[in-house]
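This is run.csv (CSV, C-alpha atoms (C1' of nucleotides)).
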```
chain,number,residue,atom,x,y,z
S,22,MET,CA,1.8,2.2,38.1
S,23,ASN,CA,2.4,4.1,34.8
S,24,ILE,CA,2.5,2.6,31.3
S,25,GLN,CA,6.2,2.1,31.2
S,26,ASN,CA,6.1,0.0,34.3
S,27,ALA,CA,3.0,-1.9,33.2
S,28,SER,CA,4.9,-2.6,30.0
S,29,GLN,CA,7.8,-4.1,31.9
S,30,ALA,CA,5.5,-6.0,34.2
S,31,THR,CA,3.7,-7.6,31.4
S,32,GLY,CA,6.1,-7.7,28.5
S,33,LEU,CA,3.7,-5.9,26.3
S,34,PRO,CA,4.9,-2.7,24.5
S,35,PRO,CA,3.3,0.6,25.6
S,36,LYS,CA,1.9,1.0,22.1
S,37,THR,CA,0.2,-2.3,22.4
S,38,ILE,CA,-1.2,-1.5,25.8
S,39,ARG,CA,-2.7,1.7,24.5
S,40,TYR,CA,-4.1,-0.1,21.6
S,41,TYR,CA,-5.8,-2.7,23.9
S,42,GLU,CA,-7.4,0.2,25.8
S,43,GLU,CA,-8.5,1.8,22.5
S,44,ILE,CA,-10.4,-1.3,21.5
S,45,GLY,CA,-11.8,-1.8,24.9
S,46,LEU,CA,-9.9,-4.8,26.2
S,47,ILE,CA,-8.8,-2.9,29.2
S,48,ALA,CA,-9.9,0.3,30.9
S,49,PRO,CA,-7.2,1.7,33.2
S,50,SER,CA,-8.0,4.7,35.2
S,51,ARG,CA,-6.3,8.1,34.8
S,52,THR,CA,-4.5,10.2,37.3
S,53,GLU,CA,-5.0,14.0,37.5
S,54,ASN,CA,-2.5,14.7,34.9
S,55,GLY,CA,-4.1,12.5,32.4
S,56,TYR,CA,-1.6,9.6,32.7
S,57,ARG,CA,-2.9,6.1,32.7
S,58,HIS,CA,-2.9,4.3,36.0
S,59,PHE,CA,-2.6,0.5,36.0
S,60,GLY,CA,-3.9,-1.3,39.1
S,61,ASP,CA,-3.8,-5.0,39.9
S,62,ALA,CA,-6.9,-5.8,37.9
S,63,ASP,CA,-5.4,-4.0,34.8
S,64,LEU,CA,-2.1,-5.9,35.2
S,65,ASN,CA,-3.9,-9.2,35.5
S,66,ALA,CA,-5.8,-8.5,32.4
S,67,LEU,CA,-2.7,-7.5,30.5
S,68,ARG,CA,-0.9,-10.6,31.6
S,69,PHE,CA,-3.9,-12.7,30.7
S,70,LEU,CA,-3.9,-11.0,27.3
S,71,ALA,CA,-0.2,-11.6,26.8
S,72,SER,CA,-0.6,-15.3,27.6
S,73,ALA,CA,-3.6,-15.7,25.3
S,74,ARG,CA,-1.9,-13.8,22.5
S,75,GLY,CA,1.2,-16.0,23.0
S,76,LEU,CA,-1.0,-19.0,22.2
S,77,GLY,CA,-2.2,-17.3,19.1
S,78,PHE,CA,-5.8,-16.5,20.2
S,79,LYS,CA,-7.2,-13.6,18.1
S,80,LEU,CA,-8.1,-10.5,20.0
S,81,GLU,CA,-11.8,-11.2,19.7
S,82,GLN,CA,-11.2,-14.6,21.3
S,83,CYS,CA,-9.1,-12.9,23.9
S,84,ARG,CA,-12.0,-10.6,24.6
S,85,GLN,CA,-14.3,-13.6,25.1
S,86,LEU,CA,-11.8,-15.4,27.3
S,87,LEU,CA,-11.3,-12.3,29.4
S,88,ALA,CA,-15.1,-12.0,29.9
S,89,LEU,CA,-15.2,-15.6,30.9
S,90,GLN,CA,-12.3,-15.2,33.3
S,91,THR,CA,-14.2,-12.5,35.2
S,92,ASP,CA,-17.5,-14.3,35.1
S,93,PRO,CA,-18.0,-16.3,38.3
S,94,ALA,CA,-20.9,-18.1,36.6
S,95,ARG,CA,-18.9,-19.2,33.6
S,96,LYS,CA,-19.0,-22.8,32.3
S,97,SER,CA,-15.7,-24.3,31.6
S,98,ALA,CA,-17.3,-25.9,28.5
S,99,ASP,CA,-17.5,-22.4,26.9
S,100,VAL,CA,-13.8,-21.8,27.6
S,101,LYS,CA,-12.9,-25.2,26.2
S,102,ARG,CA,-14.9,-24.6,23.0
S,103,ILE,CA,-12.9,-21.5,22.3
S,104,ALA,CA,-9.6,-23.3,23.0
S,105,GLN,CA,-10.6,-26.1,20.8
S,106,GLY,CA,-11.4,-23.7,18.0
S,107,ARG,CA,-7.9,-22.2,18.3
S,108,LEU,CA,-6.4,-25.7,18.3
S,109,ALA,CA,-8.3,-26.6,15.1
S,110,ASP,CA,-7.0,-23.5,13.4
S,111,LEU,CA,-3.5,-24.4,14.5
S,112,GLU,CA,-3.8,-27.9,13.1
S,113,GLU,CA,-5.2,-26.7,9.9
S,114,THR,CA,-2.3,-24.3,9.6
S,115,ALA,CA,0.2,-27.0,10.5
S,116,ARG,CA,-1.2,-29.2,7.7
S,117,ARG,CA,-0.9,-26.5,5.1
S,118,ILE,CA,2.6,-25.8,6.3
S,119,GLU,CA,3.6,-29.4,6.0
S,120,ILE,CA,2.4,-29.5,2.4
S,121,MET,CA,4.3,-26.3,1.5
S,122,ARG,CA,7.4,-27.6,3.2
S,123,GLY,CA,7.3,-30.8,1.3
S,124,GLU,CA,6.9,-29.1,-2.0
S,125,LEU,CA,9.6,-26.6,-1.3
S,126,ASN,CA,12.0,-29.2,-0.1
S,127,ARG,CA,11.6,-31.2,-3.2
S,128,MET,CA,12.1,-28.1,-5.4
S,129,ILE,CA,15.1,-27.0,-3.5
S,130,ARG,CA,16.8,-30.4,-3.8
S,131,ALA,CA,16.1,-30.4,-7.5
S,132,CYS,CA,17.7,-27.0,-8.0
S,133,PRO,CA,21.4,-27.0,-8.8
S,134,GLY,CA,22.0,-23.6,-7.1
S,135,ASN,CA,24.8,-22.6,-9.4
S,136,ASP,CA,25.5,-19.8,-12.0
S,137,GLU,CA,23.4,-21.4,-14.7
S,138,PRO,CA,19.8,-20.4,-15.5
S,139,GLY,CA,18.4,-23.9,-15.4
S,140,CYS,CA,16.2,-24.1,-12.3
S,141,ALA,CA,13.7,-26.7,-11.1
S,142,ILE,CA,12.1,-24.1,-8.8
S,143,ILE,CA,11.3,-21.7,-11.7
S,144,ASN,CA,10.2,-24.6,-13.8
S,145,ARG,CA,7.8,-25.8,-11.2
S,146,LEU,CA,6.4,-22.4,-10.6
S,147,SER,CA,6.0,-21.9,-14.3
S,148,SER,CA,4.3,-25.2,-15.0
S,149,THR,CA,0.6,-25.2,-15.6
S,150,THR,CA,0.1,-28.4,-13.7
X,1,MET,CA,-9.2,-12.5,-22.7
X,2,ASN,CA,-11.0,-10.3,-20.2
X,3,ILE,CA,-10.5,-10.3,-16.5
X,4,GLN,CA,-13.3,-12.8,-15.8
X,5,ASN,CA,-11.7,-15.4,-18.1
X,6,ALA,CA,-8.3,-14.7,-16.8
X,7,SER,CA,-9.6,-15.3,-13.3
X,8,GLN,CA,-11.1,-18.6,-14.3
X,9,ALA,CA,-7.9,-19.6,-16.1
X,10,THR,CA,-5.7,-18.9,-13.1
X,11,GLY,CA,-7.9,-19.4,-10.1
X,12,LEU,CA,-7.2,-15.9,-8.9
X,13,PRO,CA,-10.1,-13.6,-8.1
X,14,PRO,CA,-10.6,-10.5,-10.4
X,15,LYS,CA,-10.0,-8.3,-7.4
X,16,THR,CA,-6.6,-9.9,-6.8
X,17,ILE,CA,-5.6,-9.6,-10.4
X,18,ARG,CA,-6.4,-5.9,-10.3
X,19,TYR,CA,-4.4,-5.6,-7.2
X,20,TYR,CA,-1.5,-7.3,-8.7
X,21,GLU,CA,-1.6,-4.8,-11.6
X,22,GLU,CA,-1.9,-1.9,-9.2
X,23,ILE,CA,1.3,-2.9,-7.4
X,24,GLY,CA,3.1,-3.6,-10.7
X,25,LEU,CA,3.4,-7.3,-10.7
X,26,ILE,CA,1.6,-7.5,-14.1
X,27,ALA,CA,0.8,-5.0,-16.8
X,28,PRO,CA,-2.0,-6.2,-19.0
X,29,SER,CA,-2.8,-4.1,-22.0
X,30,ARG,CA,-6.1,-2.3,-22.5
X,31,THR,CA,-8.6,-2.6,-25.3
X,32,GLU,CA,-10.3,0.5,-26.8
X,33,ASN,CA,-13.0,0.6,-24.2
X,34,GLY,CA,-10.6,0.5,-21.3
X,35,TYR,CA,-11.0,-3.1,-20.5
X,36,ARG,CA,-7.9,-5.1,-19.5
X,37,HIS,CA,-6.7,-7.6,-22.1
X,38,PHE,CA,-4.8,-10.6,-20.8
X,39,GLY,CA,-2.4,-12.2,-23.3
X,40,ASP,CA,-0.3,-15.4,-22.9
X,41,ALA,CA,2.5,-13.6,-21.1
X,42,ASP,CA,0.0,-12.1,-18.6
X,43,LEU,CA,-1.6,-15.5,-18.0
X,44,ASN,CA,1.7,-17.1,-17.4
X,45,ALA,CA,2.7,-14.4,-14.9
X,46,LEU,CA,-0.6,-14.9,-13.1
X,47,ARG,CA,-0.3,-18.6,-13.0
X,48,PHE,CA,3.3,-18.2,-11.7
X,49,LEU,CA,2.1,-15.8,-9.1
X,50,ALA,CA,-0.7,-18.2,-8.0
X,51,SER,CA,1.8,-21.0,-7.6
X,52,ALA,CA,4.3,-18.9,-5.7
X,53,ARG,CA,1.6,-17.5,-3.4
X,54,GLY,CA,0.3,-21.1,-2.9
X,55,LEU,CA,3.7,-21.9,-1.4
X,56,GLY,CA,3.5,-18.8,0.8
X,57,PHE,CA,6.0,-16.6,-0.9
X,58,LYS,CA,5.4,-13.0,0.0
X,59,LEU,CA,4.5,-10.7,-2.8
X,60,GLU,CA,7.9,-9.1,-2.8
X,61,GLN,CA,9.5,-12.5,-3.1
X,62,CYS,CA,7.1,-13.2,-5.9
X,63,ARG,CA,8.2,-10.1,-7.7
X,64,GLN,CA,11.8,-11.2,-7.4
X,65,LEU,CA,11.0,-14.7,-8.6
X,66,LEU,CA,9.0,-13.3,-11.5
X,67,ALA,CA,12.0,-11.1,-12.5
X,68,LEU,CA,14.3,-14.2,-12.3
X,69,GLN,CA,11.9,-16.2,-14.4
X,70,THR,CA,12.0,-13.8,-17.3
X,71,ASP,CA,15.8,-13.2,-17.0
X,72,PRO,CA,17.6,-15.6,-19.4
X,73,ALA,CA,20.9,-14.8,-17.5
X,74,ARG,CA,19.6,-15.7,-14.1
X,75,LYS,CA,21.6,-17.9,-11.8
X,76,SER,CA,19.7,-20.7,-10.2
X,77,ALA,CA,21.5,-20.0,-7.0
X,78,ASP,CA,19.6,-16.7,-6.7
X,79,VAL,CA,16.3,-18.6,-7.1
X,80,LYS,CA,17.4,-21.2,-4.6
X,81,ARG,CA,18.3,-18.6,-2.0
X,82,ILE,CA,14.9,-17.1,-2.1
X,83,ALA,CA,13.3,-20.6,-1.8
X,84,GLN,CA,15.5,-21.4,1.1
X,85,GLY,CA,14.5,-18.2,2.8
X,86,ARG,CA,10.9,-19.2,2.5
X,87,LEU,CA,11.6,-22.6,3.8
X,88,ALA,CA,13.3,-21.2,6.8
X,89,ASP,CA,10.3,-19.0,7.6
X,90,LEU,CA,8.1,-22.0,7.2
X,91,GLU,CA,10.2,-24.1,9.6
X,92,GLU,CA,10.3,-21.3,12.1
X,93,THR,CA,6.5,-21.0,12.0
X,94,ALA,CA,6.1,-24.7,12.3
X,95,ARG,CA,8.2,-24.8,15.4
X,96,ARG,CA,6.1,-22.1,17.0
X,97,ILE,CA,2.9,-23.8,16.1
X,98,GLU,CA,4.1,-27.0,17.6
X,99,ILE,CA,4.8,-25.3,20.9
X,100,MET,CA,1.4,-23.6,20.9
X,101,ARG,CA,-0.3,-26.9,20.0
X,102,GLY,CA,1.4,-28.7,22.8
X,103,GLU,CA,0.4,-26.1,25.4
X,104,LEU,CA,-3.2,-25.9,24.1
X,105,ASN,CA,-3.6,-29.7,24.0
X,106,ARG,CA,-2.4,-29.9,27.6
X,107,MET,CA,-4.8,-27.2,28.7
X,108,ILE,CA,-7.7,-28.6,26.9
X,109,ARG,CA,-7.2,-32.1,28.4
X,110,ALA,CA,-7.1,-30.5,31.8
X,111,CYS,CA,-10.3,-28.6,31.4
X,112,PRO,CA,-13.5,-30.5,32.4
X,113,GLY,CA,-15.6,-28.8,29.8
X,114,ASN,CA,-18.8,-28.9,31.9
X,115,ASP,CA,-21.2,-26.4,33.5
X,116,GLU,CA,-18.9,-25.5,36.3
X,117,PRO,CA,-16.6,-22.5,36.4
X,118,GLY,CA,-13.4,-24.3,37.3
X,119,CYS,CA,-11.2,-24.3,34.3
X,120,ALA,CA,-7.6,-25.2,33.8
X,121,ILE,CA,-7.4,-23.1,30.7
X,122,ILE,CA,-8.5,-19.9,32.5
X,123,ASN,CA,-6.2,-20.8,35.4
X,124,ARG,CA,-3.2,-21.2,33.1
X,125,LEU,CA,-3.9,-18.0,31.2
X,126,SER,CA,-4.3,-16.2,34.5
X,127,SER,CA,-1.2,-17.5,36.1
X,128,THR,CA,1.8,-15.3,36.4
X,129,THR,CA,4.3,-18.0,35.6
H,1,DG,C1',-35.3,2.4,-30.1
H,2,DA,C1',-35.7,1.7,-25.1
H,3,DT,C1',-34.5,-0.9,-21.4
H,4,DA,C1',-32.6,-4.2,-18.3
H,5,DA,C1',-28.9,-7.3,-17.0
H,6,DG,C1',-24.4,-8.1,-16.6
H,7,DG,C1',-19.4,-7.1,-17.0
H,8,DC,C1',-16.1,-3.7,-16.8
H,9,DT,C1',-13.9,0.4,-14.7
H,10,DT,C1',-12.2,3.4,-10.6
H,11,DC,C1',-12.0,4.7,-6.0
H,12,DC,C1',-12.8,4.4,-1.0
H,13,DA,C1',-13.1,1.8,3.1
H,14,DG,C1',-12.1,-2.0,6.1
H,15,DC,C1',-9.9,-6.2,7.7
H,16,DT,C1',-5.7,-7.9,11.9
H,17,DA,C1',-2.8,-6.3,15.3
H,18,DC,C1',0.0,-3.6,15.9
H,19,DT,C1',4.1,0.1,15.0
H,20,DG,C1',6.4,4.5,13.9
H,21,DG,C1',6.5,9.2,14.3
H,22,DA,C1',5.0,14.0,15.1
H,23,DA,C1',3.2,17.6,18.2
H,24,DG,C1',2.5,18.9,22.6
H,25,DC,C1',1.7,18.6,27.8
H,26,DT,C1',4.0,17.2,32.5
H,27,DC,C1',7.4,16.3,35.7
H,28,DA,C1',11.9,15.9,38.1
H,29,DA,C1',16.7,17.3,38.3
H,30,DG,C1',20.4,20.6,38.2
U,29,DC,C1',15.0,28.2,33.8
U,30,DT,C1',16.1,24.9,31.0
U,31,DT,C1',16.8,20.3,29.7
U,32,DG,C1',15.4,15.7,29.2
U,33,DA,C1',12.5,12.0,29.9
U,34,DG,C1',7.9,10.3,30.0
U,35,DC,C1',3.3,10.8,29.1
U,36,DT,C1',-0.6,12.2,25.9
U,37,DT,C1',-3.2,12.1,21.3
U,38,DC,C1',-3.6,11.6,16.5
U,39,DC,C1',-2.2,10.2,11.8
U,40,DA,C1',-0.2,7.0,8.7
U,41,DG,C1',1.6,2.7,7.3
U,42,DT,C1',2.3,-2.4,7.3
U,43,DA,C1',0.3,-7.3,3.9
U,44,DG,C1',-2.7,-8.8,0.9
U,45,DC,C1',-6.5,-8.6,-0.3
U,46,DT,C1',-11.9,-7.9,-0.1
U,47,DG,C1',-16.5,-5.6,-0.3
U,48,DG,C1',-19.1,-2.1,-2.0
U,49,DA,C1',-20.6,2.1,-4.5
U,50,DA,C1',-20.9,4.8,-8.7
U,51,DG,C1',-20.7,4.9,-13.3
U,52,DC,C1',-19.4,3.4,-18.3
U,53,DC,C1',-19.9,-0.4,-21.9
U,54,DT,C1',-22.1,-4.3,-24.2
U,55,DT,C1',-25.5,-7.6,-25.3
U,56,DA,C1',-30.1,-9.4,-25.3
U,57,DT,C1',-34.9,-8.7,-25.3
U,58,DC,C1',-39.1,-6.5,-26.3
```

As structure tokens, please, write out the structure in this file.
Amino acid sequence: MNIQNASQATGLPPKTIRYYEEIGLIAPSRTENGYRHFGDADLNALRFLASARGLGFKLEQCRQLLALQTDPARKSADVKRIAQGRLADLEETARRIEIMRGELNRMIRACPGNDEPGCAIINRLSSTT
Amino acid sequence: MNIQNASQATGLPPKTIRYYEEIGLIAPSRTENGYRHFGDADLNALRFLASARGLGFKLEQCRQLLALQTDPARKSADVKRIAQGRLADLEETARRIEIMRGELNRMIRACPGNDEPGCAIINRLSSTT
DNA sequence: GATAAGGCTTCCAGCTACTGGAAGCTCAAG
DNA sequence: CTTGAGCTTCCAGTAGCTGGAAGCCTTATC
């Protein structure tokens, strides 16, 4: 299977797949002509990566998870810890987003949104408080 | 006021202030010895930028907002449109975060987190579905 | 006056996770 | 034989800083 097909099979763009190889997340073999060849193990790794990235894991976390996946002596506690770390990040981000959303909503409601210069948003951004 | 003081007055690191000058968001004057001099206008701009960045506006949006702030003929509708754009981004991000959070939570609950290899998280990431 | 510490300057590199594009090799079809 | 598609590598750029090196300026101390 060449890179185009691997791309279709995993939903990852060819550029991304090459990048994952470059940073050592995958190591597809090569055919005589120098083309990458993707076997089942490569496709599994790529799908795994696509899933993990879809949950927002960083590539370094993906690397760890991938190592754990292929380690028959892994402890599920190690996996869980990584996932909990990601969840914590997510919740931290969610909190910050809620704060921004509240602020922005208030400002937007207070702004007339007409042809005049008077604007609560500008005032709020300009205020020293 | 030199850059250190401007930093303390605005909460922005000196590096960031220099970067903002580099990309043309501010244009502090220079003293004889080449040091940056921050006047009231510069400090106001920096505080404005700090506030806007705190709400997650991108630097290009900050640039537009800054231009609107100093434009006496601005229309508050233009400001409002930018703020609504940011709010829309925020809500889109919040939705995606909620989805990830739900998935992760489910996976984490299903993972024993012990010394055994069996792990729902790995299984879910490895599954083709 | 010498010297050391600290602040200022610029410039270069690196971070995350790709993405776009150029130059060039390979392969299949007509 | 040529054309077009697909593959390769390499370089550069994205956002918004951040760290660090090398070197000038200023102030304090001896």

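In this structure, atom CA of Arg122 of chain S sits 8.2 Å away from atom CA of Leu55 of chain X.
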
Legend entry - Between atom CA of Cys140 of chain S and atom CA of Gly39 of chain X, distance in Å (one decimal): 24.7 Å

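Rounded to one decimal, atom CA of Asp71 of chain X and atom CA of Arg127 of chain S lie 23.1 Å from each other.
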
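Counting all atoms listed in the file, the residue from H:DA28, H:DA17, H:DA23, H:DC11 that sits nearest to chain S is H:DA17.
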
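Residue-level contact on chain H: within 9 Å of chain X, counting all atoms listed in the file, the set is DG7, DC8 and DT9 of chain H.
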
Would you put the residues from that selection into a file with C-alpha atoms (C1' of nucleotides), as a tab-separated table (two decimals), in the coordinates of the input?
```
chain	number	residue	atom	x	y	z
H	7	DG	C1'	-19.40	-7.10	-17.00
H	8	DC	C1'	-16.10	-3.70	-16.80
H	9	DT	C1'	-13.90	0.40	-14.70
```

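In terms of minimum interatomic distance to Pro133 of chain S, X:Asp78 ranks closest within X:Glu21, X:Asp78, X:Glu91, X:Glu98, counting only C-alpha atoms.
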
Inset, instruction - Identify all chain S residues at most 7 Å from chain X by counting all atoms listed in the file; ligands do not count. Present them as a VMD selection string. - result: chain S and resid 69 72 to 73 76 90 93 to 98 101 104 108 111 115 118 121 to 122 125 129 132 to 140 143 146 to 147

Could you give me, as a compact mmCIF listing (two decimals) with C-alpha atoms, keeping the file's coordinate frame, the residues that have an atom at most 10 Å away from the point (-10.3, -1.2, 35.3) in the coordinates of the file, using only C-alpha atoms (C1' of nucleotides)?
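Generated output (result24.txt):
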```txt
# COMPACT_ATOMS: atom_id res chain seq x y z
CA LEU S 46 -9.90 -4.80 26.20
CA ILE S 47 -8.80 -2.90 29.20
CA ALA S 48 -9.90 0.30 30.90
CA PRO S 49 -7.20 1.70 33.20
CA SER S 50 -8.00 4.70 35.20
CA HIS S 58 -2.90 4.30 36.00
CA PHE S 59 -2.60 0.50 36.00
CA GLY S 60 -3.90 -1.30 39.10
CA ASP S 61 -3.80 -5.00 39.90
CA ALA S 62 -6.90 -5.80 37.90
CA ASP S 63 -5.40 -4.00 34.80
CA LEU S 64 -2.10 -5.90 35.20
CA ALA S 66 -5.80 -8.50 32.40
```

Inset, instruction - Identify all chain U residues at most 9 Å from chain S by counting all atoms listed in the file; ligands do not count. Present them as a ChimeraX atom specification. - result: /U:34-36

So that I have them on file, write out the residues from the current selection with C-alpha atoms (C1' of nucleotides), as a short mmCIF file (atom, residue, chain, number, x, y, z; two decimals), keeping the file's coordinate frame.
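result_20.cif written:
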```cif
data_model
loop_
_atom_site.label_atom_id
_atom_site.label_comp_id
_atom_site.auth_asym_id
_atom_site.auth_seq_id
_atom_site.Cartn_x
_atom_site.Cartn_y
_atom_site.Cartn_z
"C1'" DG U 34 7.90 10.30 30.00
"C1'" DC U 35 3.30 10.80 29.10
"C1'" DT U 36 -0.60 12.20 25.90
#
```

Over every C-alpha pair, in sequence order, do a least-squares fit of chain X onto chain S and save the fitted chain as a compact mmCIF listing (two decimals) with C-alpha atoms, keeping the file's coordinate frame.
```
# COMPACT_ATOMS: atom_id res chain seq x y z
CA MET X 1 2.00 2.18 37.86
CA ASN X 2 2.50 4.07 34.61
CA ILE X 3 2.48 2.60 31.18
CA GLN X 4 6.26 2.05 31.05
CA ASN X 5 6.17 -0.09 34.22
CA ALA X 6 3.12 -1.90 33.11
CA SER X 7 4.90 -2.74 29.88
CA GLN X 8 7.88 -4.09 31.74
CA ALA X 9 5.63 -6.07 34.08
CA THR X 10 3.75 -7.75 31.25
CA GLY X 11 6.15 -7.85 28.37
CA LEU X 12 3.73 -5.97 26.18
CA PRO X 13 4.90 -2.84 24.39
CA PRO X 14 3.32 0.54 25.50
CA LYS X 15 1.91 0.91 22.03
CA THR X 16 0.08 -2.42 22.32
CA ILE X 17 -1.29 -1.60 25.71
CA ARG X 18 -2.70 1.64 24.34
CA TYR X 19 -4.18 -0.26 21.53
CA TYR X 20 -5.76 -2.71 23.78
CA GLU X 21 -7.39 0.19 25.69
CA GLU X 22 -8.53 1.79 22.47
CA ILE X 23 -10.40 -1.36 21.42
CA GLY X 24 -11.83 -1.84 24.93
CA LEU X 25 -9.99 -4.82 26.16
CA ILE X 26 -8.76 -2.87 29.24
CA ALA X 27 -9.80 0.35 30.89
CA PRO X 28 -7.06 1.73 33.07
CA SER X 29 -7.90 4.74 35.13
CA ARG X 30 -6.26 8.13 34.69
CA THR X 31 -4.34 10.21 37.17
CA GLU X 32 -4.85 14.01 37.40
CA ASN X 33 -2.42 14.77 34.65
CA GLY X 34 -4.02 12.41 32.20
CA TYR X 35 -1.58 9.64 32.57
CA ARG X 36 -2.89 6.05 32.59
CA HIS X 37 -2.74 4.31 35.96
CA PHE X 38 -2.48 0.54 35.90
CA GLY X 39 -3.81 -1.23 39.01
CA ASP X 40 -3.68 -4.97 39.88
CA ALA X 41 -6.80 -5.76 37.89
CA ASP X 42 -5.33 -4.02 34.80
CA LEU X 43 -2.05 -5.89 35.17
CA ASN X 44 -3.79 -9.16 35.46
CA ALA X 45 -5.86 -8.48 32.34
CA LEU X 46 -2.69 -7.58 30.47
CA ARG X 47 -0.84 -10.59 31.60
CA PHE X 48 -3.88 -12.74 30.61
CA LEU X 49 -3.97 -11.07 27.27
CA ALA X 50 -0.21 -11.67 26.73
CA SER X 51 -0.64 -15.34 27.51
CA ALA X 52 -3.67 -15.76 25.29
CA ARG X 53 -2.00 -13.92 22.41
CA GLY X 54 1.14 -16.08 22.97
CA LEU X 55 -1.04 -19.09 22.16
CA GLY X 56 -2.39 -17.33 19.07
CA PHE X 57 -5.85 -16.52 20.21
CA LYS X 58 -7.29 -13.73 18.14
CA LEU X 59 -8.14 -10.57 19.94
CA GLU X 60 -11.83 -11.27 19.76
CA GLN X 61 -11.26 -14.66 21.30
CA CYS X 62 -9.20 -12.94 23.92
CA ARG X 63 -12.03 -10.63 24.73
CA GLN X 64 -14.33 -13.59 25.16
CA LEU X 65 -11.83 -15.41 27.34
CA LEU X 66 -11.29 -12.29 29.42
CA ALA X 67 -15.09 -11.98 29.95
CA LEU X 68 -15.21 -15.70 30.99
CA GLN X 69 -12.34 -15.20 33.37
CA THR X 70 -14.08 -12.49 35.34
CA ASP X 71 -17.50 -14.28 35.25
CA PRO X 72 -17.88 -16.34 38.46
CA ALA X 73 -20.83 -18.21 36.75
CA ARG X 74 -18.90 -19.25 33.71
CA LYS X 75 -19.06 -22.79 32.46
CA SER X 76 -15.76 -24.37 31.66
CA ALA X 77 -17.29 -25.88 28.61
CA ASP X 78 -17.56 -22.39 27.07
CA VAL X 79 -13.82 -21.85 27.73
CA LYS X 80 -13.00 -25.25 26.33
CA ARG X 81 -14.93 -24.62 23.13
CA ILE X 82 -12.99 -21.53 22.40
CA ALA X 83 -9.68 -23.39 23.08
CA GLN X 84 -10.73 -26.17 20.83
CA GLY X 85 -11.53 -23.72 18.10
CA ARG X 86 -8.05 -22.35 18.34
CA LEU X 87 -6.57 -25.75 18.29
CA ALA X 88 -8.44 -26.61 15.18
CA ASP X 89 -7.13 -23.50 13.42
CA LEU X 90 -3.68 -24.42 14.54
CA GLU X 91 -3.97 -27.97 13.17
CA GLU X 92 -5.36 -26.70 9.93
CA THR X 93 -2.43 -24.30 9.54
CA ALA X 94 0.02 -26.98 10.41
CA ARG X 95 -1.32 -29.24 7.74
CA ARG X 96 -0.95 -26.52 5.15
CA ILE X 97 2.53 -25.72 6.23
CA GLU X 98 3.51 -29.31 5.97
CA ILE X 99 2.33 -29.47 2.39
CA MET X 100 4.16 -26.26 1.49
CA ARG X 101 7.31 -27.53 3.23
CA GLY X 102 7.23 -30.76 1.35
CA GLU X 103 6.86 -29.05 -2.03
CA LEU X 104 9.56 -26.45 -1.24
CA ASN X 105 12.02 -29.08 0.04
CA ARG X 106 11.52 -31.07 -3.16
CA MET X 107 12.09 -28.02 -5.31
CA ILE X 108 15.06 -26.87 -3.45
CA ARG X 109 16.78 -30.30 -3.68
CA ALA X 110 16.16 -30.23 -7.39
CA CYS X 111 17.67 -26.85 -7.95
CA PRO X 112 21.47 -26.81 -8.60
CA GLY X 113 21.96 -23.50 -6.92
CA ASN X 114 24.86 -22.45 -9.18
CA ASP X 115 25.59 -19.71 -11.74
CA GLU X 116 23.49 -21.22 -14.43
CA PRO X 117 19.93 -20.27 -15.26
CA GLY X 118 18.41 -23.73 -15.21
CA CYS X 119 16.29 -24.01 -12.16
CA ALA X 120 13.80 -26.56 -11.04
CA ILE X 121 12.12 -24.08 -8.78
CA ILE X 122 11.41 -21.60 -11.62
CA ASN X 123 10.34 -24.52 -13.82
CA ARG X 124 7.86 -25.77 -11.23
CA LEU X 125 6.44 -22.33 -10.54
CA SER X 126 6.10 -21.80 -14.27
CA SER X 127 4.46 -25.05 -15.04
CA THR X 128 0.79 -25.16 -15.73
CA THR X 129 0.18 -28.37 -13.86
```

Taking the structure I provided as the source, export segment 106-114 of chain S with N, CA and C atoms, as a tab-separated table (two decimals), in the first residue's frame.
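Saved the output as part-v6.tsv:
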```tsv
chain	number	residue	atom	x	y	z
S	106	GLY	N	-4.03	13.06	32.36
S	106	GLY	CA	-3.30	14.30	32.12
S	106	GLY	C	-3.97	15.10	31.00
S	107	ARG	N	-4.31	14.41	29.95
S	107	ARG	CA	-4.99	15.08	28.84
S	107	ARG	C	-6.33	15.65	29.29
S	108	LEU	N	-7.06	14.88	30.09
S	108	LEU	CA	-8.36	15.34	30.57
S	108	LEU	C	-8.20	16.60	31.42
S	109	ALA	N	-7.16	16.61	32.22
S	109	ALA	CA	-6.92	17.78	33.07
S	109	ALA	C	-6.65	19.02	32.21
S	110	ASP	N	-5.84	18.85	31.18
S	110	ASP	CA	-5.58	19.96	30.27
S	110	ASP	C	-6.87	20.47	29.67
S	111	LEU	N	-7.67	19.51	29.25
S	111	LEU	CA	-8.93	19.83	28.59
S	111	LEU	C	-9.83	20.64	29.53
S	112	GLU	N	-9.86	20.23	30.77
S	112	GLU	CA	-10.75	20.92	31.71
S	112	GLU	C	-10.22	22.30	32.06
S	113	GLU	N	-8.93	22.39	32.13
S	113	GLU	CA	-8.33	23.70	32.35
S	113	GLU	C	-8.67	24.64	31.19
S	114	THR	N	-8.52	24.14	29.99
S	114	THR	CA	-8.85	24.94	28.82
S	114	THR	C	-10.33	25.32	28.82
```
